[in-house]
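Structure data (mmCIF, C-alpha atoms and all ligand atoms) from query.cif:
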```cif
data_upload
loop_
_atom_site.group_PDB
_atom_site.id
_atom_site.type_symbol
_atom_site.label_atom_id
_atom_site.label_comp_id
_atom_site.auth_asym_id
_atom_site.auth_seq_id
_atom_site.Cartn_x
_atom_site.Cartn_y
_atom_site.Cartn_z
ATOM 1 C CA MET A 1 19.830 7.210 -0.094
ATOM 2 C CA LEU A 2 16.411 8.625 0.821
ATOM 3 C CA TYR A 3 15.049 9.214 4.309
ATOM 4 C CA SER A 4 11.459 9.015 5.439
ATOM 5 C CA VAL A 5 10.750 12.163 7.494
ATOM 6 C CA ARG A 6 7.495 12.144 9.431
ATOM 7 C CA MET A 7 6.031 14.821 11.668
ATOM 8 C CA ARG A 8 2.992 14.718 13.928
ATOM 9 C CA ALA A 9 1.881 17.465 16.273
ATOM 10 C CA ALA A 10 -0.759 17.459 18.994
ATOM 11 C CA GLN A 11 -2.235 19.764 21.606
ATOM 12 C CA GLY A 12 -2.523 19.044 25.316
ATOM 13 C CA ALA A 13 -0.482 15.847 25.263
ATOM 14 C CA ALA A 14 1.127 13.374 22.879
ATOM 15 C CA HIS A 15 -1.345 11.668 20.524
ATOM 16 C CA GLU A 16 -0.900 8.384 22.384
ATOM 17 C CA ALA A 17 -1.701 10.117 25.678
ATOM 18 C CA GLY A 18 -4.954 11.568 24.341
ATOM 19 C CA GLY A 19 -3.684 14.836 22.837
ATOM 20 C CA ARG A 20 -5.724 16.551 20.119
ATOM 21 C CA HIS A 21 -4.307 16.102 16.617
ATOM 22 C CA ILE A 22 -3.055 19.379 15.138
ATOM 23 C CA SER A 23 -0.908 18.564 12.128
ATOM 24 C CA GLY A 24 1.037 15.860 10.343
ATOM 25 C CA ALA A 25 3.385 15.647 7.370
ATOM 26 C CA GLU A 26 5.159 12.868 5.478
ATOM 27 C CA ARG A 27 8.072 13.206 3.080
ATOM 28 C CA MET A 28 10.944 11.143 1.631
ATOM 29 C CA VAL A 29 14.035 13.224 0.948
ATOM 30 C CA SER A 30 17.817 13.086 0.552
ATOM 31 C CA GLN A 31 20.069 13.701 3.552
ATOM 32 C CA GLU A 32 20.856 17.336 2.587
ATOM 33 C CA GLN A 33 17.160 18.166 2.517
ATOM 34 C CA ILE A 34 16.458 16.910 6.046
ATOM 35 C CA ALA A 35 17.523 20.067 7.957
ATOM 36 C CA PRO A 36 15.469 22.602 5.940
ATOM 37 C CA LEU A 37 12.536 20.180 5.760
ATOM 38 C CA THR A 38 12.368 19.555 9.505
ATOM 39 C CA GLN A 39 12.685 23.322 10.117
ATOM 40 C CA ASN A 40 9.719 23.814 7.814
ATOM 41 C CA MET A 41 7.737 21.046 9.532
ATOM 42 C CA LEU A 42 8.341 22.669 12.926
ATOM 43 C CA GLU A 43 7.125 26.030 11.650
ATOM 44 C CA ARG A 44 4.070 24.355 10.217
ATOM 45 C CA ALA A 45 3.285 22.587 13.482
ATOM 46 C CA PHE A 46 3.760 25.762 15.549
ATOM 47 C CA THR A 47 1.642 28.010 13.317
ATOM 48 C CA HIS A 48 -1.226 25.697 12.435
ATOM 49 C CA SER A 49 -4.779 27.013 12.131
ATOM 50 C CA ARG A 50 -6.076 24.012 14.135
ATOM 51 C CA GLY A 51 -4.363 25.417 17.231
ATOM 52 C CA GLN A 52 -1.149 25.659 19.216
ATOM 53 C CA ALA A 53 0.858 22.419 19.240
ATOM 54 C CA ASP A 54 2.626 21.493 22.434
ATOM 55 C CA PHE A 55 3.771 18.038 21.373
ATOM 56 C CA ILE A 56 5.752 17.512 18.175
ATOM 57 C CA HIS A 57 7.277 14.212 17.130
ATOM 58 C CA ILE A 58 9.629 13.984 14.149
ATOM 59 C CA THR A 59 10.946 10.619 12.939
ATOM 60 C CA ILE A 60 13.801 10.242 10.444
ATOM 61 C CA GLU A 61 14.509 6.817 8.999
ATOM 62 C CA SER A 62 16.488 5.633 5.996
ATOM 63 C CA VAL A 63 14.598 3.927 3.159
ATOM 64 C CA PRO A 64 16.261 1.116 1.171
ATOM 65 C CA ALA A 65 16.369 2.252 -2.483
ATOM 66 C CA GLU A 66 15.497 -1.225 -3.802
ATOM 67 C CA ALA A 67 12.225 -1.224 -1.842
ATOM 68 C CA ILE A 68 10.828 1.921 -3.520
ATOM 69 C CA ARG A 69 7.822 1.527 -5.808
ATOM 70 C CA LEU A 70 7.357 4.140 -8.565
ATOM 71 C CA LEU A 71 3.759 5.116 -9.394
ATOM 72 C CA PRO A 72 2.186 7.504 -11.955
ATOM 73 C CA LEU A 73 0.213 10.360 -10.363
ATOM 74 C CA LEU A 74 -3.552 10.151 -10.578
ATOM 75 C CA PRO A 75 -5.216 12.487 -13.095
ATOM 76 C CA ILE A 76 -7.084 15.341 -11.344
ATOM 77 C CA THR A 77 -10.563 16.588 -12.208
ATOM 78 C CA THR A 78 -12.762 19.087 -10.336
ATOM 79 C CA VAL A 79 -16.510 18.886 -9.771
ATOM 80 C CA ASP A 80 -17.624 22.435 -9.028
ATOM 81 C CA ALA A 81 -20.581 21.698 -6.780
ATOM 82 C CA PRO A 82 -21.577 25.087 -5.319
ATOM 83 C CA ASP A 83 -22.174 24.123 -1.670
ATOM 84 C CA VAL A 84 -21.480 21.442 0.948
ATOM 85 C CA GLU A 85 -24.756 19.623 0.381
ATOM 86 C CA SER A 86 -24.337 19.261 -3.378
ATOM 87 C CA GLY A 87 -20.601 18.588 -2.909
ATOM 88 C CA ARG A 88 -21.314 15.653 -0.593
ATOM 89 C CA LEU A 89 -23.986 14.303 -2.931
ATOM 90 C CA ALA A 90 -21.529 14.457 -5.829
ATOM 91 C CA ALA A 91 -18.812 12.805 -3.712
ATOM 92 C CA LYS A 92 -21.211 10.001 -2.784
ATOM 93 C CA ALA A 93 -22.020 9.487 -6.469
ATOM 94 C CA ALA A 94 -18.292 9.337 -7.273
ATOM 95 C CA LEU A 95 -17.777 6.698 -4.573
ATOM 96 C CA ALA A 96 -20.672 4.644 -5.944
ATOM 97 C CA ALA A 97 -19.241 4.929 -9.459
ATOM 98 C CA ALA A 98 -15.907 3.658 -8.109
ATOM 99 C CA GLY A 99 -17.636 0.528 -6.779
ATOM 100 C CA VAL A 100 -18.519 1.361 -3.161
ATOM 101 C CA ALA A 101 -21.988 0.123 -2.119
ATOM 102 C CA GLY A 102 -24.480 2.896 -1.261
ATOM 103 C CA LYS A 103 -24.919 1.417 2.207
ATOM 104 C CA ALA A 104 -21.159 1.546 2.804
ATOM 105 C CA VAL A 105 -20.930 5.161 1.607
ATOM 106 C CA GLU A 106 -23.662 6.221 4.072
ATOM 107 C CA ALA A 107 -22.242 4.206 6.976
ATOM 108 C CA GLY A 108 -18.713 5.487 6.298
ATOM 109 C CA LEU A 109 -19.820 9.118 6.209
ATOM 110 C CA GLU A 110 -21.797 8.636 9.390
ATOM 111 C CA GLN A 111 -18.657 7.412 11.149
ATOM 112 C CA LEU A 112 -16.601 10.316 9.836
ATOM 113 C CA LEU A 113 -19.192 12.875 10.892
ATOM 114 C CA ALA A 114 -19.598 11.271 14.311
ATOM 115 C CA LEU A 115 -15.959 11.977 15.164
ATOM 116 C CA GLY A 116 -16.558 15.560 16.257
ATOM 117 C CA ASP A 117 -12.930 16.460 15.540
ATOM 118 C CA SER A 118 -10.312 14.798 13.401
ATOM 119 C CA MET A 119 -8.127 11.717 13.634
ATOM 120 C CA ARG A 120 -4.418 11.493 12.892
ATOM 121 C CA GLY A 121 -5.006 8.775 10.289
ATOM 122 C CA ALA A 122 -7.734 7.114 8.224
ATOM 123 C CA MET A 123 -10.503 4.617 8.912
ATOM 124 C CA LEU A 124 -10.595 1.388 6.898
ATOM 125 C CA ILE A 125 -14.199 0.790 5.867
ATOM 126 C CA CYS A 126 -15.676 -2.307 4.214
ATOM 127 C CA ALA A 127 -16.829 -1.214 0.743
ATOM 128 C CA GLU A 128 -19.816 -3.535 0.915
ATOM 129 C CA THR A 129 -21.183 -3.228 4.462
ATOM 130 C CA GLY A 130 -19.679 0.068 5.667
ATOM 131 C CA SER A 131 -18.349 -1.436 8.891
ATOM 132 C CA ARG A 132 -15.008 -0.288 10.254
ATOM 133 C CA LEU A 133 -12.273 -2.861 9.602
ATOM 134 C CA ASP A 134 -9.239 -1.540 11.480
ATOM 135 C CA ALA A 135 -8.817 -1.548 15.227
ATOM 136 C CA SER A 136 -6.754 1.630 15.449
ATOM 137 C CA GLY A 137 -9.450 3.697 17.196
ATOM 138 C CA MET A 138 -8.863 7.467 17.191
ATOM 139 C CA ARG A 139 -5.320 7.026 15.881
ATOM 140 C CA GLY A 140 -6.395 5.746 12.493
ATOM 141 C CA ILE A 141 -4.151 4.304 9.794
ATOM 142 C CA ARG A 142 -1.494 6.833 8.842
ATOM 143 C CA VAL A 143 -0.166 6.637 5.273
ATOM 144 C CA SER A 144 3.598 7.041 5.311
ATOM 145 C CA ARG A 145 6.753 6.832 3.233
ATOM 146 C CA MET A 146 5.680 8.547 0.028
ATOM 147 C CA ASP A 147 6.851 11.583 -1.915
ATOM 148 C CA ILE A 148 7.269 13.100 -5.346
ATOM 149 C CA ALA A 149 10.016 11.735 -7.571
ATOM 150 C CA ASP A 150 10.753 15.128 -9.175
ATOM 151 C CA ASP A 151 9.578 18.305 -7.425
ATOM 152 C CA THR A 152 10.060 20.699 -10.337
ATOM 153 C CA GLN A 153 8.166 18.530 -12.794
ATOM 154 C CA PHE A 154 5.384 17.940 -10.261
ATOM 155 C CA ILE A 155 4.930 21.632 -9.443
ATOM 156 C CA ARG A 156 4.898 22.488 -13.163
ATOM 157 C CA TRP A 157 2.286 19.769 -13.830
ATOM 158 C CA LEU A 158 0.066 21.041 -11.014
ATOM 159 C CA SER A 159 0.372 24.728 -11.839
ATOM 160 C CA ARG A 160 -0.480 24.054 -15.494
ATOM 161 C CA GLN A 161 -3.817 22.816 -14.127
ATOM 162 C CA GLY A 162 -4.194 25.883 -11.900
ATOM 163 C CA PHE A 163 -3.237 24.167 -8.627
ATOM 164 C CA GLY A 164 -0.604 25.555 -6.315
ATOM 165 C CA ASN A 165 -1.498 24.977 -2.697
ATOM 166 C CA ILE A 166 0.211 22.554 -0.349
ATOM 167 C CA HIS A 167 -3.062 20.718 0.420
ATOM 168 C CA ILE A 168 -3.462 19.490 -3.156
ATOM 169 C CA ARG A 169 0.240 18.777 -3.519
ATOM 170 C CA GLU A 170 0.270 16.484 -0.494
ATOM 171 C CA ALA A 171 -3.171 14.980 -1.030
ATOM 172 C CA VAL A 172 -2.620 13.820 -4.617
ATOM 173 C CA VAL A 173 0.639 12.115 -3.612
ATOM 174 C CA LEU A 174 -1.032 10.383 -0.685
ATOM 175 C CA ALA A 175 -4.112 9.378 -2.714
ATOM 176 C CA THR A 176 -1.934 7.940 -5.494
ATOM 177 C CA LYS A 177 -0.289 5.650 -2.964
ATOM 178 C CA VAL A 178 -3.592 4.781 -1.250
ATOM 179 C CA VAL A 179 -5.407 3.610 -4.386
ATOM 180 C CA SER A 180 -2.441 1.458 -5.390
ATOM 181 C CA ALA A 181 -2.846 -0.605 -2.209
ATOM 182 C CA PRO A 182 -4.081 -4.216 -2.374
ATOM 183 C CA GLY A 183 -7.876 -4.348 -1.980
ATOM 184 C CA MET A 184 -8.412 -0.576 -2.072
ATOM 185 C CA ILE A 185 -11.517 0.546 -3.951
ATOM 186 C CA ALA A 186 -11.673 4.266 -3.190
ATOM 187 C CA GLU A 187 -10.782 7.012 -0.735
ATOM 188 C CA LEU A 188 -12.911 9.891 0.534
ATOM 189 C CA CYS A 189 -11.147 12.793 2.238
ATOM 190 C CA TRP A 190 -11.776 16.312 3.281
ATOM 191 C CA SER A 191 -9.420 18.599 5.124
ATOM 192 C CA ASP A 192 -9.407 19.097 8.872
ATOM 193 C CA ASP A 193 -7.961 22.602 8.503
ATOM 194 C CA PRO A 194 -10.792 25.010 9.432
ATOM 195 C CA GLU A 195 -10.122 27.391 6.544
ATOM 196 C CA TYR A 196 -9.803 24.671 3.870
ATOM 197 C CA THR A 197 -13.138 23.260 2.727
ATOM 198 C CA ALA A 198 -12.057 21.086 -0.222
ATOM 199 C CA GLY A 199 -11.967 17.330 -0.397
ATOM 200 C CA TYR A 200 -11.737 14.527 -2.923
ATOM 201 C CA VAL A 201 -12.693 11.031 -3.955
ATOM 202 C CA ALA A 202 -9.795 8.988 -5.307
ATOM 203 C CA SER A 203 -9.910 5.639 -7.055
ATOM 204 C CA PRO A 204 -7.589 3.950 -9.569
ATOM 205 C CA GLN A 205 -9.478 5.981 -12.248
ATOM 206 C CA GLY A 206 -8.418 9.325 -10.814
ATOM 207 C CA TYR A 207 -8.615 12.069 -8.195
ATOM 208 C CA ILE A 208 -11.898 14.001 -8.228
ATOM 209 C CA ARG A 209 -11.872 17.284 -6.261
ATOM 210 C CA PHE A 210 -14.874 18.941 -4.647
ATOM 211 C CA PRO A 211 -14.136 22.513 -3.505
ATOM 212 C CA LYS A 212 -16.760 22.459 -0.699
ATOM 213 C CA LEU A 213 -17.117 19.246 1.291
ATOM 214 C CA LYS A 214 -17.485 20.881 4.712
ATOM 215 C CA PRO A 215 -18.560 24.231 6.148
ATOM 216 C CA TYR A 216 -15.881 26.939 6.385
ATOM 217 C CA GLY A 217 -14.460 27.089 9.935
ATOM 218 C CA SER A 218 -15.039 23.420 10.767
ATOM 219 C CA PRO A 219 -12.044 21.527 12.234
ATOM 220 C CA GLN A 220 -13.726 18.226 11.422
ATOM 221 C CA GLY A 221 -12.146 16.308 8.587
ATOM 222 C CA GLY A 222 -10.546 13.007 7.807
ATOM 223 C CA ARG A 223 -10.124 10.066 5.517
ATOM 224 C CA LEU A 224 -12.136 6.941 4.741
ATOM 225 C CA PHE A 225 -10.479 4.105 2.842
ATOM 226 C CA PHE A 226 -13.081 1.807 1.289
ATOM 227 C CA VAL A 227 -11.748 -1.728 1.079
ATOM 228 C CA ARG A 228 -12.860 -4.817 -0.870
ATOM 229 C CA PRO A 229 -14.326 -7.516 1.427
ATOM 230 C CA GLY A 230 -11.863 -10.310 2.156
ATOM 231 C CA THR A 231 -8.797 -8.039 1.982
ATOM 232 C CA SER A 232 -6.143 -8.721 4.620
ATOM 233 C CA VAL A 233 -6.264 -5.705 6.944
ATOM 234 C CA GLU A 234 -2.740 -6.527 8.185
ATOM 235 C CA ALA A 235 -1.235 -6.634 4.682
ATOM 236 C CA LEU A 236 -3.111 -3.483 3.645
ATOM 237 C CA THR A 237 -2.047 -1.583 6.772
ATOM 238 C CA ALA A 238 1.573 -2.672 6.299
ATOM 239 C CA TYR A 239 1.496 -1.418 2.685
ATOM 240 C CA LEU A 240 -0.026 1.940 3.631
ATOM 241 C CA GLU A 241 2.331 2.533 6.541
ATOM 242 C CA THR A 242 5.606 1.091 5.343
ATOM 243 C CA GLN A 243 5.843 0.540 1.567
ATOM 244 C CA PRO A 244 8.059 3.363 0.206
ATOM 245 C CA VAL A 245 6.466 4.994 -2.858
ATOM 246 C CA LEU A 246 7.616 7.753 -5.188
ATOM 247 C CA VAL A 247 5.066 9.286 -7.518
ATOM 248 C CA ALA A 248 5.826 10.805 -10.893
ATOM 249 C CA VAL A 249 4.051 12.871 -13.521
ATOM 250 C CA PRO A 250 2.759 10.433 -16.167
ATOM 251 C CA LYS A 251 4.956 10.417 -19.312
ATOM 252 C CA GLU A 252 2.212 11.722 -21.632
ATOM 253 C CA ALA A 253 1.486 14.678 -19.289
ATOM 254 C CA GLU A 254 5.090 15.918 -18.856
HETATM 255 C C1 LIG B 301 -5.788 18.079 3.842
HETATM 256 O O1 LIG B 301 -4.935 18.875 3.491
HETATM 257 O O2 LIG B 301 -6.028 17.920 5.029
HETATM 258 C C2 LIG B 301 -6.555 17.310 2.813
HETATM 259 C C3 LIG B 301 -6.844 18.126 1.633
HETATM 260 C C4 LIG B 301 -7.847 17.491 0.713
HETATM 261 C C5 LIG B 301 -8.222 18.301 -0.514
HETATM 262 C C6 LIG B 301 -7.060 18.726 -1.359
HETATM 263 C C7 LIG B 301 -7.517 19.388 -2.658
HETATM 264 O O3 LIG B 301 -7.749 20.604 -2.636
HETATM 265 O O4 LIG B 301 -7.626 18.703 -3.677
HETATM 266 MG MG MG B 302 -4.731 19.084 8.019
#
```

Starting from the file, lay out its structure as structure tokens.
Amino acid sequence: MLYSVRMRAAQGAAHEAGGRHISGAERMVSQEQIAPLTQNMLERAFTHSRGQADFIHITIESVPAEAIRLLPLLPITTVDAPDVESGRLAAKAALAAAGVAGKAVEAGLEQLLALGDSMRGAMLICAETGSRLDASGMRGIRVSRMDIADDTQFIRWLSRQGFGNIHIREAVVLATKVVSAPGMIAELCWSDDPEYTAGYVASPQGYIRFPKLKPYGSPQGGRLFFVRPGTSVEALTAYLETQPVLVAVPKEAE
């Protein structure tokens, strides 16, 4: 039996009472792993570079084994654009190549940059018009119930490509689930951790990293999910939040 373990931490008050988002984490683990994992999540929440958390919420819930969907991890490539400006231009081009209209890319980015800080979850954006589709406000849509099928294999696969940090590890798992969702065209993300400037564009074709998508020191980051017009926002949100997913290293890359 696996358990979905979810952590969210905020400053000032609970998220739902207007607190500032500090940190979040999502895993699916066996019962024996819950104690060390939650210990680790607490440490992470209490030592986060976004600030001191004074609200931490951890949820533990069993996941029915028969409901789990197994997905192959997205292939990772890096576009070494030297600064934020060229990084964002390259990310916009990657979104266009994935099928997002130029107008939607611009409107989506505008909404992300207008936030001032960061949201707990993602915005759903129409891939044709760029208008926001979800009604979750500053909460955003939080992708949950996903993890790696085999940690050792995953870490070996990543380190063979020169990747070791927790940001990439978590992001590629999340992005793999996101682009498998009904109606999803592409995702744009960059980190809200002030010292981490990297971001990515993910689509069913792969995960493209850009080492500099925001200025060093900025706490402003987030996720845009670009969605095909006509997609059911309810069905998509339910998939992102509740469908349990395990991701695995593709057979040919083992
Ligand atoms: C995050 O950790 O907040 C998102 C990280 C996105 C970039 C991860 C990477 O380096 O590929
Ligand atoms: Mg973060």

Selected residue, from A:Leu158, A:Met138, A:Ala114, A:Ala91, that lies nearest to Glu187 (chain A) when counting only C-alpha atoms: A:Ala91

If we count all atoms listed in the file, what is near region 19-35 of chain A at a cut-off of 9 Å, once residues fewer than 4 positions away on the same chain are taken out, given as a PDB file with C-alpha atoms, in the coordinates of the input?
```pdb
ATOM      1  CA  MET A   1      19.830   7.210  -0.094  1.00  0.00           C
ATOM      2  CA  LEU A   2      16.411   8.625   0.821  1.00  0.00           C
ATOM      3  CA  TYR A   3      15.049   9.214   4.309  1.00  0.00           C
ATOM      4  CA  SER A   4      11.459   9.015   5.439  1.00  0.00           C
ATOM      5  CA  VAL A   5      10.750  12.163   7.494  1.00  0.00           C
ATOM      6  CA  ARG A   6       7.495  12.144   9.431  1.00  0.00           C
ATOM      7  CA  MET A   7       6.031  14.821  11.668  1.00  0.00           C
ATOM      8  CA  ARG A   8       2.992  14.718  13.928  1.00  0.00           C
ATOM      9  CA  ALA A   9       1.881  17.465  16.273  1.00  0.00           C
ATOM     10  CA  ALA A  10      -0.759  17.459  18.994  1.00  0.00           C
ATOM     11  CA  GLN A  11      -2.235  19.764  21.606  1.00  0.00           C
ATOM     12  CA  GLY A  12      -2.523  19.044  25.316  1.00  0.00           C
ATOM     13  CA  ALA A  13      -0.482  15.847  25.263  1.00  0.00           C
ATOM     14  CA  ALA A  14       1.127  13.374  22.879  1.00  0.00           C
ATOM     15  CA  HIS A  15      -1.345  11.668  20.524  1.00  0.00           C
ATOM     16  CA  GLN A  39      12.685  23.322  10.117  1.00  0.00           C
ATOM     17  CA  ASN A  40       9.719  23.814   7.814  1.00  0.00           C
ATOM     18  CA  MET A  41       7.737  21.046   9.532  1.00  0.00           C
ATOM     19  CA  ARG A  44       4.070  24.355  10.217  1.00  0.00           C
ATOM     20  CA  ALA A  45       3.285  22.587  13.482  1.00  0.00           C
ATOM     21  CA  HIS A  48      -1.226  25.697  12.435  1.00  0.00           C
ATOM     22  CA  SER A  49      -4.779  27.013  12.131  1.00  0.00           C
ATOM     23  CA  ARG A  50      -6.076  24.012  14.135  1.00  0.00           C
ATOM     24  CA  GLY A  51      -4.363  25.417  17.231  1.00  0.00           C
ATOM     25  CA  GLN A  52      -1.149  25.659  19.216  1.00  0.00           C
ATOM     26  CA  ALA A  53       0.858  22.419  19.240  1.00  0.00           C
ATOM     27  CA  PHE A  55       3.771  18.038  21.373  1.00  0.00           C
ATOM     28  CA  ILE A  60      13.801  10.242  10.444  1.00  0.00           C
ATOM     29  CA  SER A  62      16.488   5.633   5.996  1.00  0.00           C
ATOM     30  CA  VAL A  63      14.598   3.927   3.159  1.00  0.00           C
ATOM     31  CA  ASP A 117     -12.930  16.460  15.540  1.00  0.00           C
ATOM     32  CA  SER A 118     -10.312  14.798  13.401  1.00  0.00           C
ATOM     33  CA  MET A 119      -8.127  11.717  13.634  1.00  0.00           C
ATOM     34  CA  ARG A 120      -4.418  11.493  12.892  1.00  0.00           C
ATOM     35  CA  VAL A 143      -0.166   6.637   5.273  1.00  0.00           C
ATOM     36  CA  SER A 144       3.598   7.041   5.311  1.00  0.00           C
ATOM     37  CA  ARG A 145       6.753   6.832   3.233  1.00  0.00           C
ATOM     38  CA  MET A 146       5.680   8.547   0.028  1.00  0.00           C
ATOM     39  CA  ASP A 147       6.851  11.583  -1.915  1.00  0.00           C
ATOM     40  CA  ILE A 148       7.269  13.100  -5.346  1.00  0.00           C
ATOM     41  CA  GLU A 170       0.270  16.484  -0.494  1.00  0.00           C
ATOM     42  CA  ASP A 192      -9.407  19.097   8.872  1.00  0.00           C
ATOM     43  CA  ASP A 193      -7.961  22.602   8.503  1.00  0.00           C
ATOM     44  CA  PRO A 244       8.059   3.363   0.206  1.00  0.00           C
ATOM     45  CA  VAL A 245       6.466   4.994  -2.858  1.00  0.00           C
ATOM     46  CA  LEU A 246       7.616   7.753  -5.188  1.00  0.00           C
TER      47      LEU A 246
END
```

At most 7 Å from ligand LIG 301 (chain B) (only C-alpha atoms and all ligand atoms): residue list as a PyMOL selection string: chain A and resi 167-168+170-171+189-193+198-200+209+211

Output of the PyMOL selection byres (((chain A and resi 76) around 7) and not hetatm), listed as a list of chain:residue names: A:Leu74, A:Pro75, A:Thr77, A:Thr78, A:Gly206, A:Tyr207, A:Ile208

Shortest interatomic distance to Thr242 (chain A) - which of A:Ile125, A:Val178, A:Leu112, A:Ala97, counting all atoms listed in the file: A:Val178

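Each of A:Glu195, A:Asp83, A:Ala253, A:Glu110 was checked against Pro219 (chain A) using only C-alpha atoms; the smallest atom-to-atom distance is that of A:Glu195.
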